[in-house]
Amino acid sequence: MSDEPLNNAAVEYLRAGIRFANLVQRDEFTSGALTDDFVFEDRRSGFNYGVADASAYAEIGKSVFDVGSGRPIWSIPEVIAVRDQRIAATALVIDYGNDMYTDMIACVRFDPQLQRLQRRVLFDIDAREAAIAEVDRMHAEIEAGDA
């Protein structure tokens with residue numbers, strides 16, 4: 001096991017996206033950074049958003065502003081896994097203010113040009129093995145020419 005921090009282009013893109021998300025207002029969330037074939041899947045236990053396409057995902061992003069103080073702050077405290085440059089699994093925290101927060105694992109895959117998000121899958125924060133299996137599956141799809 002290496003002491004090198006996990007990093008790739010996908011992680012850098014996510015960090016830039018989080019910096020942007022922490023500056024925008026609710027109505028500025030759009031599907032512009034998503035591919036036409038974007039798929040979102042929420043596999044967390046309890047309440048979750050299910051499966052969504054790009055337009056529905058933009059509405060999910062806007063709904064985060066309706067919780068807590070109305071000014072959510074996103075952060076990535078840990079990178080869990082990376083595959084090539086397009087795929088990453090990170091811990092993700094949304095701090096809603098008023099002592100309310102949600103933590104989860106977000107697995108993502110970007111398009112071949114590393115310009116837009118193609119897939120995002122959420123897991124409970126303690127589902128590390130499932131998240132790592134998902135990034136491996138995403139990577140296998142790329143290797144097979146399916147993504």
# chains A, B, ... in the order shown; residues from 1 in each chain; ligands from 1

call {"tool": "residues_around", "arguments": {"residues": "A:Glu143", "least_positions_apart": "6", "cutoff": "12 Å", "atoms": "only C-alpha atoms", "output": "NGL selection string"}}
result
:A and (83-84 or 86 or 112 or 136-137)

call {"tool": "closest_atom_pairs", "arguments": {"of": "stretch 5-97 of chain A", "to": "stretch 120-123 of chain A", "cutoff": "9 Å", "atoms": "only C-alpha atoms", "output": "Markdown table"}}
result
| residue | atom | partner | partner_atom | distance |
| --- | --- | --- | --- | --- |
| A:Phe38 | CA | A:Arg120 | CA | 8.1 |
| A:Val39 | CA | A:Arg120 | CA | 6.6 |
| A:Phe40 | CA | A:Arg120 | CA | 4.9 |
| A:Glu41 | CA | A:Val121 | CA | 4.7 |
| A:Asp42 | CA | A:Leu122 | CA | 4.8 |
| A:Arg43 | CA | A:Phe123 | CA | 5.2 |
| A:Arg44 | CA | A:Phe123 | CA | 4.7 |
| A:Ser45 | CA | A:Phe123 | CA | 8.0 |

call {"tool": "residues_around", "arguments": {"residues": "A:Ile94", "least_positions_apart": "5", "cutoff": "9 Å", "atoms": "only C-alpha atoms", "output": "list of chain:residue names"}}
result
A:Val64, A:Pro72, A:Ile73, A:Trp74, A:Ser75, A:Met100, A:Tyr101, A:Thr102, A:Asp103, A:Met104

call {"tool": "residues_around", "arguments": {"residues": "A:Ile105", "least_positions_apart": "6", "cutoff": "7 Å", "atoms": "only C-alpha atoms", "output": "short mmCIF file (atom, residue, chain, number, x, y, z; two decimals) with N, CA and C atoms, in the first residue's frame"}}
result
data_model
loop_
_atom_site.label_atom_id
_atom_site.label_comp_id
_atom_site.auth_asym_id
_atom_site.auth_seq_id
_atom_site.Cartn_x
_atom_site.Cartn_y
_atom_site.Cartn_z
N ALA A 89 -14.06 7.31 -6.40
CA ALA A 89 -15.01 7.18 -5.28
C ALA A 89 -14.47 8.05 -4.16
N THR A 90 -15.32 8.95 -3.66
CA THR A 90 -14.90 9.85 -2.59
C THR A 90 -15.94 9.86 -1.49
N ALA A 91 -15.47 10.14 -0.28
CA ALA A 91 -16.41 10.48 0.78
C ALA A 91 -16.93 11.88 0.46
N LEU A 92 -18.19 12.12 0.69
CA LEU A 92 -18.80 13.40 0.42
C LEU A 92 -19.64 13.80 1.63
N LEU A 122 -24.43 6.95 -5.44
CA LEU A 122 -24.22 7.23 -4.02
C LEU A 122 -24.42 5.98 -3.17
N PHE A 123 -23.60 5.87 -2.12
CA PHE A 123 -23.66 4.76 -1.16
C PHE A 123 -23.63 5.32 0.26
N ASP A 124 -24.10 4.53 1.21
CA ASP A 124 -23.93 4.88 2.62
C ASP A 124 -22.44 5.00 2.91
N ILE A 125 -22.08 5.84 3.86
CA ILE A 125 -20.68 6.11 4.17
C ILE A 125 -19.92 4.85 4.60
#

call {"tool": "residues_around", "arguments": {"residues": "stretch 9-26 of chain A", "least_positions_apart": "3", "cutoff": "10 Å", "atoms": "only C-alpha atoms", "output": "number ranges by chain"}}
result
A: 6, 29-30, 33, 59, 61-66, 70-76, 79, 81-90, 92, 108-111, 114-117
